[in-house]
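**Student:** Next up is a structure, given as structure tokens.
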Amino acid sequence: MIDLRILRENPEALRASQRTRGEDPSLVDAAADADAQRRAAMAASERLRAEQKVLGKQVAQARGDEREAVLERTRELSAQVKAAQVEVEALTETFEALVLTIPNVVDAAVVPGGEEDFVVLREVGERPAPGGRVRDHLELGEGLGAIDTARGAKVSGSRFYFLTGVGAMLELALLNLAMETATAAGFTPVITPTMVRPEIMAGTGFLGEHADEVYRLEADDLYLVGTSEVPLAGYRSDEVLDLSAGPLRYAGWSACYRREAGSYGRDTRGIIRVHQFHKVEMFSIVTAEDAAAEHERLLAWEEGMLAAVELPYRVIDTAAGDLGISAARKFDCEAWLPSQERYLELTSTSSCTTFQARRLKIRERGPDGGTRPVATLNGTLATTRWIVALLENHQLPDGSVRVPEALQRFLGGRTVLEPVAAR
RNA sequence: GGAGGCGUCGCCUAGUGGCCUAUGGCGCCCGCCUGCUAAGCGGGUUUGGGAUGAAACCCAUCGCGGGCUCAAAUCCCGCCGCCUCCGCCA
């Protein structure tokens with residue numbers, strides 16, 4: 001839910017945000033109109049209810065003929081109250097359907113444009129020197145006995161895979177390093193549910209334009225999450241939090257499920273784009289004032305992880321058109337992919353400001369004694385996809401792969417992963 | 001999956017159709033009293049929306065949704081959650 005005060009008092013800011021995103025600004029006016037209509041109907045309904053209350057008390061106290069007379073009037077009033085209520089409900093439904101589709105207000109620093117219009121903030125690390133034969137992650141992974149996409153397809157279909165041997169170990173090593181890093185930074189480690197109720201999925205903003213990216217379990221009316229951001233955002237929903245001692249930070253470990261409905265033919269080789277993977281996700285709950293600073297901190301932790309596993313990467317500041325409905329600003333870290341000579345997104349951190357908190361009713365005590373929405377932010381610390389960048393950037397001429405020092409103790413001290421014979 | 005019980009303010013709790021504008025206690029907050037402490041006294045203390053310069057104030061809210069009724073915390077139906085027991089199961 002966007003801030004209704006902005007809708008009422010400064011709709012131009014919302015229209016401007018819509019234009020920056022490349023979306024229809026007239027949606028804002030439609031929502032504002034619906035809001036006004038709904039509020040007028042609510043006021044009328046309240047007046048009728050107040051009257052009904054007074055009459056009800058008279059009925060309770062009246063006797064005989066007098067009681068009959070009052071009862072007659074309450075019967076008439078009752079019909080009016082019901083009619084007013086039906087009107088309010090219909091108008092509220094219209095209003096909410098509209099207002100829930102308005103995306104978060106874009107941060108002033110975000111540039112307009114689409115997926116290709118990002119700003120590169122910096123490039124970090126050394127790309128592997130070109131020359132010699134470059135194997136891609138699947139060839140390397142198959143050689144190491146680490147990745148098996150053929151049997152993944154046999155068992156579950158395309159975009160599924162098995163991680164085997166050092167592949168399975170490598171994933172656990174990455175995720176364990178991520179959990180360790182997050183815990184050291186003060187995050188509470190959390191293993192989350194991966195199936196959530198509809199209102200939680202809607203509250204995090206994933207049922208809007210990207211609804212067909214999400215798996216739904218029809219028989220149980222549950223959704224499979226595409227990131228632990230979803231259950232973590234729901235974790236403190238409907239609560240009034242005390243943030244006086246600083247942010248609440250959770251590091252979620254979960255399986256993630258994505259339908260990849262709109263990506264036929266894209267990244268079909270290997271495990272770059274898959275239906276199921278694992279991820280360690282940072283999730284922060286902070287005051288609205290602290291959101292921008294926390295966003296920088298999340299980005300710094302992400303970059304720390306990338307540096308720890310010695311990957312060359314660049315940081316981009318996403319353009320408005322590529323933000324999700326709930327994000328006000330988004331930074332991605334993209335690792336270099338030698339086999340394709342391009343960058344591949346490994347992390348993504350979004351500031352959702354108060355957008356998710358409003359929908360999920362995550363609040364804190366305000367200075368006036370009332371409550372006010374907090375801000376939520378999320379950021380990737382490690383995923384299965386990191387294996388792709390790791391194998392390709394650290395490959396050696398003979399098809400073996402160097403293990404970065406930070407991961408060695410999670411791999412039994414191994415410094416190199418070597419090809420194995422298939423059997 | 002089956003049977004039963006329960007869901008009222010941060011916690012406990014009263015409340016079986018209207019005078020409920022929901023009781024009382026604990027905790028917490030403010031004030032008074034007090035040499036200090038304990039005790040005592042008075043007031044406040046769900047959440048959301050609206051009104052106002054600020055208040056008093058108005059509406060909704062008794063797990064959620066629907067129904068019966070002029071009127072629902074209370075009666076009926078559905079759902080959700082928790083507890084106990086049975087069955088099944090990794």
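So you can find residues: chains in the structure tokens are A, B, ... in the order shown, residues in each start at 1, and ligands are numbered from 1 in order.
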Which residues of chain A have any atom within 8 Å of an atom in chain B when counting only C-alpha atoms (C1' of nucleotides), and what is the closest pair of atoms for each, with the distance in Å to one decimal? Order the rows by chain and rising number and write it as a tab-separated table.
**Tutor:**
```
residue	atom	partner	partner_atom	distance
A:Ala43	CA	B:G50	C1'	7.9
A:Glu46	CA	B:C59	C1'	5.2
A:Arg47	CA	B:C59	C1'	7.9
A:Arg49	CA	B:C59	C1'	7.6
A:Ala50	CA	B:C59	C1'	7.4
A:Gly56	CA	B:A71	C1'	6.2
A:Lys57	CA	B:G18	C1'	6.6
A:Val59	CA	B:G18	C1'	7.2
A:Ala60	CA	B:G18	C1'	4.7
A:Gln61	CA	B:C19	C1'	6.9
A:Leu71	CA	B:C70	C1'	5.5
A:Glu72	CA	B:C70	C1'	7.3
A:Arg73	CA	B:C70	C1'	8.0
A:Thr74	CA	B:C70	C1'	4.9
A:Arg75	CA	B:C70	C1'	4.6
A:Ser78	CA	B:C70	C1'	6.8
```
**Student:** Suppose we keep C-alpha atoms; can you now write the selection as a PDB file, in the first residue's frame?
**Tutor:**
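So the final result, stored in result.pdb, reads:
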```
ATOM      1  CA  ALA A  43     -19.001   9.355   6.748  1.00  0.00           C
ATOM      2  CA  GLU A  46     -21.150   6.463  10.380  1.00  0.00           C
ATOM      3  CA  ARG A  47     -23.871   9.045  10.919  1.00  0.00           C
ATOM      4  CA  ARG A  49     -24.910   4.003  12.763  1.00  0.00           C
ATOM      5  CA  ALA A  50     -24.677   6.639  15.462  1.00  0.00           C
ATOM      6  CA  GLY A  56     -31.387   0.849  20.095  1.00  0.00           C
ATOM      7  CA  LYS A  57     -30.940   2.100  23.613  1.00  0.00           C
ATOM      8  CA  VAL A  59     -35.866   0.223  22.484  1.00  0.00           C
ATOM      9  CA  ALA A  60     -34.166  -1.465  25.414  1.00  0.00           C
ATOM     10  CA  GLN A  61     -35.732   0.943  27.867  1.00  0.00           C
ATOM     11  CA  LEU A  71     -39.169  -0.425  16.978  1.00  0.00           C
ATOM     12  CA  GLU A  72     -40.945   0.740  13.841  1.00  0.00           C
ATOM     13  CA  ARG A  73     -38.382   3.489  13.333  1.00  0.00           C
ATOM     14  CA  THR A  74     -35.423   1.231  14.030  1.00  0.00           C
ATOM     15  CA  ARG A  75     -36.661  -1.171  11.371  1.00  0.00           C
ATOM     16  CA  SER A  78     -31.798  -0.694   9.823  1.00  0.00           C
TER      17      SER A  78
END
```
**Student:** Step one, run DSSP on the backbone; step two, keep only residues of segment 35-275 of chain A assigned to helix (DSSP H, G or I); then write them as a PyMOL selection string.
**Tutor:** chain A and resi 35-61+64-99+137-143+149-156+166-184+198-203+211-213+218-220+229-235
**Student:** Find the residues around Arg414 of chain A up to 12 Å (only C-alpha atoms (C1' of nucleotides) counted), leave out those fewer than 2 positions away in its own chain, and share them as a JSON list (two decimals) with N, CA and C atoms, in the first residue's frame.
**Tutor:**
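File written: out_20.json
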```
[["chain", "number", "residue", "atom", "x", "y", "z"],
["A", 166, "VAL", "N", 31.02, -32.68, -5.26],
["A", 166, "VAL", "CA", 31.56, -31.37, -4.89],
["A", 166, "VAL", "C", 30.57, -30.24, -5.23],
["A", 169, "MET", "N", 28.52, -29.99, -2.23],
["A", 169, "MET", "CA", 29.37, -29.43, -1.17],
["A", 169, "MET", "C", 29.62, -27.94, -1.40],
["A", 170, "LEU", "N", 29.80, -27.57, -2.66],
["A", 170, "LEU", "CA", 30.08, -26.18, -2.99],
["A", 170, "LEU", "C", 28.89, -25.28, -2.62],
["A", 173, "ALA", "N", 28.84, -24.95, 1.04],
["A", 173, "ALA", "CA", 29.96, -24.11, 1.47],
["A", 173, "ALA", "C", 29.60, -22.64, 1.31],
["A", 401, "VAL", "N", 39.15, -26.64, -10.86],
["A", 401, "VAL", "CA", 38.72, -25.32, -10.40],
["A", 401, "VAL", "C", 39.36, -25.00, -9.06],
["A", 402, "ARG", "N", 39.94, -23.83, -9.00],
["A", 402, "ARG", "CA", 40.58, -23.35, -7.78],
["A", 402, "ARG", "C", 39.51, -22.98, -6.75],
["A", 403, "VAL", "N", 39.73, -23.33, -5.49],
["A", 403, "VAL", "CA", 38.79, -22.98, -4.43],
["A", 403, "VAL", "C", 39.29, -21.73, -3.71],
["A", 404, "PRO", "N", 38.50, -20.65, -3.68],
["A", 404, "PRO", "CA", 38.93, -19.46, -2.94],
["A", 404, "PRO", "C", 39.15, -19.81, -1.46],
["A", 405, "GLU", "N", 40.09, -19.13, -0.87],
["A", 405, "GLU", "CA", 40.50, -19.48, 0.49],
["A", 405, "GLU", "C", 39.33, -19.49, 1.47],
["A", 406, "ALA", "N", 38.42, -18.53, 1.32],
["A", 406, "ALA", "CA", 37.32, -18.41, 2.28],
["A", 406, "ALA", "C", 36.41, -19.64, 2.28],
["A", 407, "LEU", "N", 36.41, -20.37, 1.16],
["A", 407, "LEU", "CA", 35.52, -21.54, 1.07],
["A", 407, "LEU", "C", 36.23, -22.84, 1.43],
["A", 408, "GLN", "N", 37.55, -22.80, 1.53],
["A", 408, "GLN", "CA", 38.31, -24.05, 1.68],
["A", 408, "GLN", "C", 37.92, -24.83, 2.93],
["A", 409, "ARG", "N", 37.73, -24.11, 4.05],
["A", 409, "ARG", "CA", 37.44, -24.85, 5.29],
["A", 409, "ARG", "C", 36.04, -25.48, 5.27],
["A", 410, "PHE", "N", 35.18, -25.04, 4.33],
["A", 410, "PHE", "CA", 33.86, -25.68, 4.20],
["A", 410, "PHE", "C", 33.91, -26.86, 3.23],
["A", 411, "LEU", "N", 35.10, -27.05, 2.59],
["A", 411, "LEU", "CA", 35.24, -28.11, 1.59],
["A", 411, "LEU", "C", 36.35, -29.07, 2.01],
["A", 412, "GLY", "N", 36.44, -29.29, 3.28],
["A", 412, "GLY", "CA", 37.43, -30.23, 3.78],
["A", 412, "GLY", "C", 38.85, -29.80, 3.51],
["A", 416, "VAL", "N", 41.71, -27.19, -4.57],
["A", 416, "VAL", "CA", 41.35, -27.35, -5.98],
["A", 416, "VAL", "C", 40.30, -28.46, -6.10],
["A", 417, "LEU", "N", 39.31, -28.23, -6.96],
["A", 417, "LEU", "CA", 38.35, -29.29, -7.28],
["A", 417, "LEU", "C", 38.79, -29.91, -8.60],
["A", 418, "GLU", "N", 38.90, -31.25, -8.62],
["A", 418, "GLU", "CA", 39.45, -31.89, -9.81],
["A", 418, "GLU", "C", 38.43, -32.78, -10.50]]
```
**Student:** Give me the residues of segment 354-390 of chain A that have any atom at most 6 Å from an atom of segment 1-10 of chain A; for each, the nearest atom pair and the distance in Å, rounded to one decimal. Use only C-alpha atoms, sort by chain and number, and format it as CSV.
**Tutor:**
```
residue,atom,partner,partner_atom,distance
A:Phe355,CA,A:Met1,CA,5.8
A:Arg358,CA,A:Met1,CA,5.6
A:Arg359,CA,A:Met1,CA,5.1
```
**Student:** For segment 87-98 of chain A, work out the shell of residues within 10 Å, counting only C-alpha atoms (C1' of nucleotides) and skipping chain neighbours fewer than 5 positions away, then give it as a list in words.
**Tutor:**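 Surrounding residues, per the criterion: Met1, Leu27, Val28, Ala30, Ala31, Ala32, Asp33, Ala34, Asp35, Ala36, Gln37, Arg38, Arg39, Ala40, Ala41, Met42, Ala43, Ala44, Ser45, Val81 and Lys82 of chain A.
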**Student:** Kindly export the residues of the current selection with N, CA and C atoms, as a PDB file, in the first residue's frame.
**Tutor:**
```pdb
ATOM      1  N   MET A   1       0.854  -1.197   0.000  1.00  0.00           N
ATOM      2  CA  MET A   1       0.000   0.000   0.000  1.00  0.00           C
ATOM      3  C   MET A   1       0.885   1.241   0.000  1.00  0.00           C
ATOM      4  N   LEU A  27      -3.479   6.467 -13.207  1.00  0.00           N
ATOM      5  CA  LEU A  27      -3.862   5.520 -12.163  1.00  0.00           C
ATOM      6  C   LEU A  27      -3.985   6.217 -10.805  1.00  0.00           C
ATOM      7  N   VAL A  28      -3.109   7.196 -10.599  1.00  0.00           N
ATOM      8  CA  VAL A  28      -3.095   7.932  -9.341  1.00  0.00           C
ATOM      9  C   VAL A  28      -4.387   8.711  -9.155  1.00  0.00           C
ATOM     10  N   ALA A  30      -7.281   8.119 -10.592  1.00  0.00           N
ATOM     11  CA  ALA A  30      -8.385   7.178 -10.420  1.00  0.00           C
ATOM     12  C   ALA A  30      -8.462   6.717  -8.968  1.00  0.00           C
ATOM     13  N   ALA A  31      -7.296   6.444  -8.382  1.00  0.00           N
ATOM     14  CA  ALA A  31      -7.260   5.996  -6.991  1.00  0.00           C
ATOM     15  C   ALA A  31      -7.713   7.102  -6.048  1.00  0.00           C
ATOM     16  N   ALA A  32      -7.273   8.333  -6.330  1.00  0.00           N
ATOM     17  CA  ALA A  32      -7.662   9.457  -5.477  1.00  0.00           C
ATOM     18  C   ALA A  32      -9.163   9.692  -5.525  1.00  0.00           C
ATOM     19  N   ASP A  33      -9.745   9.578  -6.717  1.00  0.00           N
ATOM     20  CA  ASP A  33     -11.196   9.730  -6.851  1.00  0.00           C
ATOM     21  C   ASP A  33     -11.918   8.648  -6.062  1.00  0.00           C
ATOM     22  N   ALA A  34     -11.459   7.418  -6.222  1.00  0.00           N
ATOM     23  CA  ALA A  34     -12.088   6.302  -5.528  1.00  0.00           C
ATOM     24  C   ALA A  34     -11.982   6.489  -4.018  1.00  0.00           C
ATOM     25  N   ASP A  35     -10.856   7.043  -3.574  1.00  0.00           N
ATOM     26  CA  ASP A  35     -10.645   7.289  -2.151  1.00  0.00           C
ATOM     27  C   ASP A  35     -11.664   8.305  -1.639  1.00  0.00           C
ATOM     28  N   ALA A  36     -11.845   9.399  -2.393  1.00  0.00           N
ATOM     29  CA  ALA A  36     -12.783  10.441  -1.972  1.00  0.00           C
ATOM     30  C   ALA A  36     -14.204   9.893  -1.877  1.00  0.00           C
ATOM     31  N   GLN A  37     -14.586   9.116  -2.884  1.00  0.00           N
ATOM     32  CA  GLN A  37     -15.936   8.531  -2.886  1.00  0.00           C
ATOM     33  C   GLN A  37     -16.143   7.627  -1.688  1.00  0.00           C
ATOM     34  N   ARG A  38     -15.126   6.826  -1.417  1.00  0.00           N
ATOM     35  CA  ARG A  38     -15.240   5.863  -0.325  1.00  0.00           C
ATOM     36  C   ARG A  38     -15.345   6.583   1.019  1.00  0.00           C
ATOM     37  N   ARG A  39     -14.574   7.647   1.169  1.00  0.00           N
ATOM     38  CA  ARG A  39     -14.594   8.361   2.448  1.00  0.00           C
ATOM     39  C   ARG A  39     -15.921   9.068   2.670  1.00  0.00           C
ATOM     40  N   ALA A  40     -16.514   9.610   1.604  1.00  0.00           N
ATOM     41  CA  ALA A  40     -17.818  10.262   1.738  1.00  0.00           C
ATOM     42  C   ALA A  40     -18.866   9.236   2.164  1.00  0.00           C
ATOM     43  N   ALA A  41     -18.817   8.068   1.536  1.00  0.00           N
ATOM     44  CA  ALA A  41     -19.783   7.013   1.870  1.00  0.00           C
ATOM     45  C   ALA A  41     -19.595   6.544   3.309  1.00  0.00           C
ATOM     46  N   MET A  42     -18.336   6.492   3.760  1.00  0.00           N
ATOM     47  CA  MET A  42     -18.071   6.058   5.130  1.00  0.00           C
ATOM     48  C   MET A  42     -18.636   7.048   6.135  1.00  0.00           C
ATOM     49  N   ALA A  43     -18.493   8.330   5.838  1.00  0.00           N
ATOM     50  CA  ALA A  43     -19.001   9.355   6.748  1.00  0.00           C
ATOM     51  C   ALA A  43     -20.513   9.245   6.872  1.00  0.00           C
ATOM     52  N   ALA A  44     -21.172   9.041   5.738  1.00  0.00           N
ATOM     53  CA  ALA A  44     -22.634   8.914   5.744  1.00  0.00           C
ATOM     54  C   ALA A  44     -23.052   7.689   6.553  1.00  0.00           C
ATOM     55  N   SER A  45     -22.347   6.596   6.361  1.00  0.00           N
ATOM     56  CA  SER A  45     -22.656   5.359   7.069  1.00  0.00           C
ATOM     57  C   SER A  45     -22.460   5.515   8.577  1.00  0.00           C
ATOM     58  N   VAL A  81     -29.086   1.585   7.085  1.00  0.00           N
ATOM     59  CA  VAL A  81     -27.729   1.282   7.536  1.00  0.00           C
ATOM     60  C   VAL A  81     -27.135   0.192   6.658  1.00  0.00           C
ATOM     61  N   LYS A  82     -27.938  -0.839   6.378  1.00  0.00           N
ATOM     62  CA  LYS A  82     -27.427  -1.939   5.559  1.00  0.00           C
ATOM     63  C   LYS A  82     -27.065  -1.467   4.161  1.00  0.00           C
TER      64      LYS A  82
END
```
**Student:** Considering only C-alpha atoms (C1' of nucleotides), return as number ranges by chain whatever protein or nucleic-acid residues lie within 12 Å of U46 of chain B, sequence-local ones (same chain, fewer than 4 positions apart) excluded.
**Tutor:** A: 370; B: 8-10, 61-62
**Student:** For the selection just defined, write its residues with N, CA and C atoms (P, O5', C5', C4', C3', O3' and C1' of nucleotides) to a file, as a PDB file, in the first residue's frame.
**Tutor:**
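Saved to out-v8.pdb:
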```pdb
ATOM      1  N   GLY A 370       1.210   7.084  18.792  1.00  0.00           N
ATOM      2  CA  GLY A 370       0.548   6.216  17.821  1.00  0.00           C
ATOM      3  C   GLY A 370       1.537   5.278  17.157  1.00  0.00           C
TER       4      GLY A 370
ATOM      5  P     U B   8      -8.693 -14.453  23.890  1.00  0.00           P
ATOM      6  O5'   U B   8      -9.892 -13.438  23.967  1.00  0.00           O
ATOM      7  C5'   U B   8     -10.159 -12.568  22.880  1.00  0.00           C
ATOM      8  C4'   U B   8     -10.933 -11.371  23.341  1.00  0.00           C
ATOM      9  C3'   U B   8     -10.245 -10.505  24.388  1.00  0.00           C
ATOM     10  O3'   U B   8      -9.316  -9.606  23.804  1.00  0.00           O
ATOM     11  C1'   U B   8     -12.458 -10.902  25.068  1.00  0.00           C
ATOM     12  P     C B   9      -7.853  -9.480  24.425  1.00  0.00           P
ATOM     13  O5'   C B   9      -7.590  -7.894  24.506  1.00  0.00           O
ATOM     14  C5'   C B   9      -6.852  -7.222  23.493  1.00  0.00           C
ATOM     15  C4'   C B   9      -6.294  -5.922  24.032  1.00  0.00           C
ATOM     16  C3'   C B   9      -5.184  -6.092  25.053  1.00  0.00           C
ATOM     17  O3'   C B   9      -4.145  -5.142  24.845  1.00  0.00           O
ATOM     18  C1'   C B   9      -6.993  -4.890  26.016  1.00  0.00           C
ATOM     19  P     G B  10      -3.150  -5.482  23.663  1.00  0.00           P
ATOM     20  O5'   G B  10      -1.983  -6.222  24.437  1.00  0.00           O
ATOM     21  C5'   G B  10      -0.832  -6.665  23.725  1.00  0.00           C
ATOM     22  C4'   G B  10       0.157  -7.189  24.720  1.00  0.00           C
ATOM     23  C3'   G B  10      -0.406  -8.231  25.677  1.00  0.00           C
ATOM     24  O3'   G B  10      -0.292  -9.519  25.131  1.00  0.00           O
ATOM     25  C1'   G B  10       0.649  -6.529  26.914  1.00  0.00           C
ATOM     26  P     U B  61     -18.059  -3.394  14.886  1.00  0.00           P
ATOM     27  O5'   U B  61     -16.597  -3.804  15.352  1.00  0.00           O
ATOM     28  C5'   U B  61     -15.715  -4.452  14.457  1.00  0.00           C
ATOM     29  C4'   U B  61     -14.353  -4.554  15.074  1.00  0.00           C
ATOM     30  C3'   U B  61     -14.302  -5.223  16.446  1.00  0.00           C
ATOM     31  O3'   U B  61     -14.292  -6.633  16.324  1.00  0.00           O
ATOM     32  C1'   U B  61     -13.014  -3.245  16.484  1.00  0.00           C
ATOM     33  P     C B  62     -15.311  -7.535  17.216  1.00  0.00           P
ATOM     34  O5'   C B  62     -14.506  -7.756  18.561  1.00  0.00           O
ATOM     35  C5'   C B  62     -13.185  -8.274  18.575  1.00  0.00           C
ATOM     36  C4'   C B  62     -13.012  -9.166  19.775  1.00  0.00           C
ATOM     37  C3'   C B  62     -13.782 -10.467  19.711  1.00  0.00           C
ATOM     38  O3'   C B  62     -12.975 -11.509  20.226  1.00  0.00           O
ATOM     39  C1'   C B  62     -14.464  -9.244  21.609  1.00  0.00           C
TER      40        C B  62
END
```
**Student:** Do you know which residues are at most 12 Å from G2 of chain B counting only C-alpha atoms (C1' of nucleotides), after dropping those on the same chain fewer than 5 positions away, and could you put them as a count of residues only?
**Tutor:** 4
**Student:** According to DSSP computed on the backbone, where in segment 155-304 of chain A is there strand (DSSP E)? Give the residues as a ChimeraX atom specification.
**Tutor:** /A:162-163,188-191,195-196,216-217,222-224,239-241,248-257,276-286
**Student:** Can I get the selection written as a short mmCIF file (atom, residue, chain, number, x, y, z; two decimals), in the first residue's frame, with N, CA and C atoms?
**Tutor:**
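What landed in out-v5.cif:
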```
data_model
loop_
_atom_site.label_atom_id
_atom_site.label_comp_id
_atom_site.auth_asym_id
_atom_site.auth_seq_id
_atom_site.Cartn_x
_atom_site.Cartn_y
_atom_site.Cartn_z
N PHE A 162 20.49 -31.70 -10.76
CA PHE A 162 21.01 -32.27 -9.53
C PHE A 162 22.36 -31.65 -9.26
N LEU A 163 22.63 -31.29 -8.02
CA LEU A 163 23.99 -30.95 -7.60
C LEU A 163 24.53 -32.19 -6.90
N THR A 188 20.08 -12.33 12.61
CA THR A 188 19.59 -13.55 13.22
C THR A 188 19.39 -14.59 12.13
N PRO A 189 20.07 -15.73 12.23
CA PRO A 189 19.87 -16.75 11.20
C PRO A 189 18.46 -17.35 11.30
N VAL A 190 17.83 -17.54 10.14
CA VAL A 190 16.45 -18.05 10.13
C VAL A 190 16.28 -19.04 8.99
N ILE A 191 15.70 -20.18 9.28
CA ILE A 191 15.26 -21.08 8.22
C ILE A 191 13.75 -20.92 8.13
N MET A 195 6.35 -22.10 1.87
CA MET A 195 4.99 -21.98 1.38
C MET A 195 4.28 -20.95 2.25
N VAL A 196 3.61 -19.99 1.62
CA VAL A 196 2.98 -18.92 2.39
C VAL A 196 1.54 -18.68 1.93
N ARG A 216 1.70 -21.62 -7.49
CA ARG A 216 0.57 -21.63 -6.56
C ARG A 216 0.10 -23.06 -6.35
N LEU A 217 -0.10 -23.43 -5.10
CA LEU A 217 -0.63 -24.76 -4.79
C LEU A 217 -2.13 -24.64 -4.64
N LEU A 222 -1.94 -22.05 -1.19
CA LEU A 222 -0.66 -21.55 -0.70
C LEU A 222 0.24 -21.25 -1.91
N TYR A 223 1.21 -20.38 -1.68
CA TYR A 223 2.17 -20.06 -2.74
C TYR A 223 3.56 -20.54 -2.34
N LEU A 224 4.33 -20.99 -3.31
CA LEU A 224 5.74 -21.30 -3.08
C LEU A 224 6.54 -20.00 -3.24
N GLU A 239 2.54 -6.56 13.65
CA GLU A 239 3.14 -6.35 14.96
C GLU A 239 3.59 -4.90 15.10
N VAL A 240 3.66 -4.44 16.34
CA VAL A 240 4.23 -3.13 16.64
C VAL A 240 5.60 -3.39 17.24
N LEU A 241 6.65 -2.96 16.53
CA LEU A 241 8.01 -3.32 16.92
C LEU A 241 8.69 -2.18 17.66
N LEU A 248 16.07 -4.56 13.11
CA LEU A 248 15.93 -6.02 13.23
C LEU A 248 16.46 -6.60 11.94
N ARG A 249 17.42 -7.54 12.06
CA ARG A 249 18.03 -8.08 10.85
C ARG A 249 17.94 -9.60 10.87
N TYR A 250 17.42 -10.15 9.79
CA TYR A 250 17.27 -11.60 9.68
C TYR A 250 17.99 -12.10 8.44
N ALA A 251 18.69 -13.22 8.58
CA ALA A 251 19.31 -13.86 7.42
C ALA A 251 18.55 -15.15 7.15
N GLY A 252 17.77 -15.14 6.08
CA GLY A 252 16.93 -16.29 5.77
C GLY A 252 17.61 -17.27 4.84
N TRP A 253 17.52 -18.55 5.17
CA TRP A 253 18.02 -19.63 4.31
C TRP A 253 16.80 -20.38 3.82
N SER A 254 16.65 -20.45 2.50
CA SER A 254 15.49 -21.18 2.00
C SER A 254 15.70 -21.66 0.58
N ALA A 255 14.89 -22.63 0.22
CA ALA A 255 14.72 -22.97 -1.18
C ALA A 255 13.87 -21.87 -1.81
N CYS A 256 14.09 -21.61 -3.10
CA CYS A 256 13.34 -20.57 -3.81
C CYS A 256 12.79 -21.19 -5.09
N TYR A 257 11.56 -20.84 -5.42
CA TYR A 257 10.90 -21.47 -6.57
C TYR A 257 10.43 -20.39 -7.55
N GLN A 276 14.22 -24.00 -9.28
CA GLN A 276 14.41 -24.19 -7.84
C GLN A 276 15.88 -24.00 -7.50
N PHE A 277 16.14 -23.18 -6.48
CA PHE A 277 17.53 -23.00 -6.04
C PHE A 277 17.51 -22.61 -4.58
N HIS A 278 18.70 -22.46 -4.01
CA HIS A 278 18.79 -22.06 -2.61
C HIS A 278 19.42 -20.69 -2.48
N LYS A 279 19.03 -20.01 -1.41
CA LYS A 279 19.50 -18.64 -1.27
C LYS A 279 19.60 -18.26 0.20
N VAL A 280 20.63 -17.49 0.52
CA VAL A 280 20.68 -16.81 1.81
C VAL A 280 20.39 -15.35 1.55
N GLU A 281 19.33 -14.87 2.19
CA GLU A 281 18.84 -13.52 1.94
C GLU A 281 18.88 -12.71 3.23
N MET A 282 19.41 -11.49 3.11
CA MET A 282 19.37 -10.58 4.27
C MET A 282 18.06 -9.82 4.22
N PHE A 283 17.45 -9.65 5.39
CA PHE A 283 16.21 -8.88 5.47
C PHE A 283 16.28 -7.96 6.67
N SER A 284 16.12 -6.65 6.43
CA SER A 284 16.25 -5.67 7.50
C SER A 284 14.95 -4.92 7.71
N ILE A 285 14.62 -4.73 8.98
CA ILE A 285 13.50 -3.88 9.35
C ILE A 285 14.07 -2.69 10.09
N VAL A 286 13.89 -1.50 9.51
CA VAL A 286 14.50 -0.29 10.08
C VAL A 286 13.46 0.82 10.11
#
```
**Student:** Any idea what the distance is between atom C1' of C68 of chain B and atom CA of Gln80 of chain A?
**Tutor:** 18.2 Å
**Student:** I want to know what sits within 12 Å of C77 of chain B, based on only C-alpha atoms (C1' of nucleotides), with residues of the same chain fewer than 2 positions away left out; could you give that as a PDB file with C-alpha atoms (C1' of nucleotides), in the first residue's frame?
**Tutor:**
```
ATOM      1  C1'   G B  65     -15.751 -14.013   7.336  1.00  0.00           C
ATOM      2  C1'   G B  66     -20.936 -14.711   6.498  1.00  0.00           C
ATOM      3  C1'   G B  67     -26.045 -15.274   8.498  1.00  0.00           C
ATOM      4  C1'   C B  68     -30.656 -14.711  11.807  1.00  0.00           C
ATOM      5  C1'   C B  75     -27.526 -17.407  18.706  1.00  0.00           C
ATOM      6  C1'   C B  79     -12.818 -20.678   7.980  1.00  0.00           C
TER       7        C B  79
END
```
**Student:** What is the distance, in Å and to one decimal place, between atom CA of Val374 of chain A and atom CA of Thr353 of chain A?
**Tutor:**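 Those two atoms sit 7.6 Å apart.
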**Student:** One decimal, Å: what's the distance from atom CA of Thr383 of chain A over to atom CA of Phe118 of chain A, could you say?
**Tutor:**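 So the answer is 22.6 Å.
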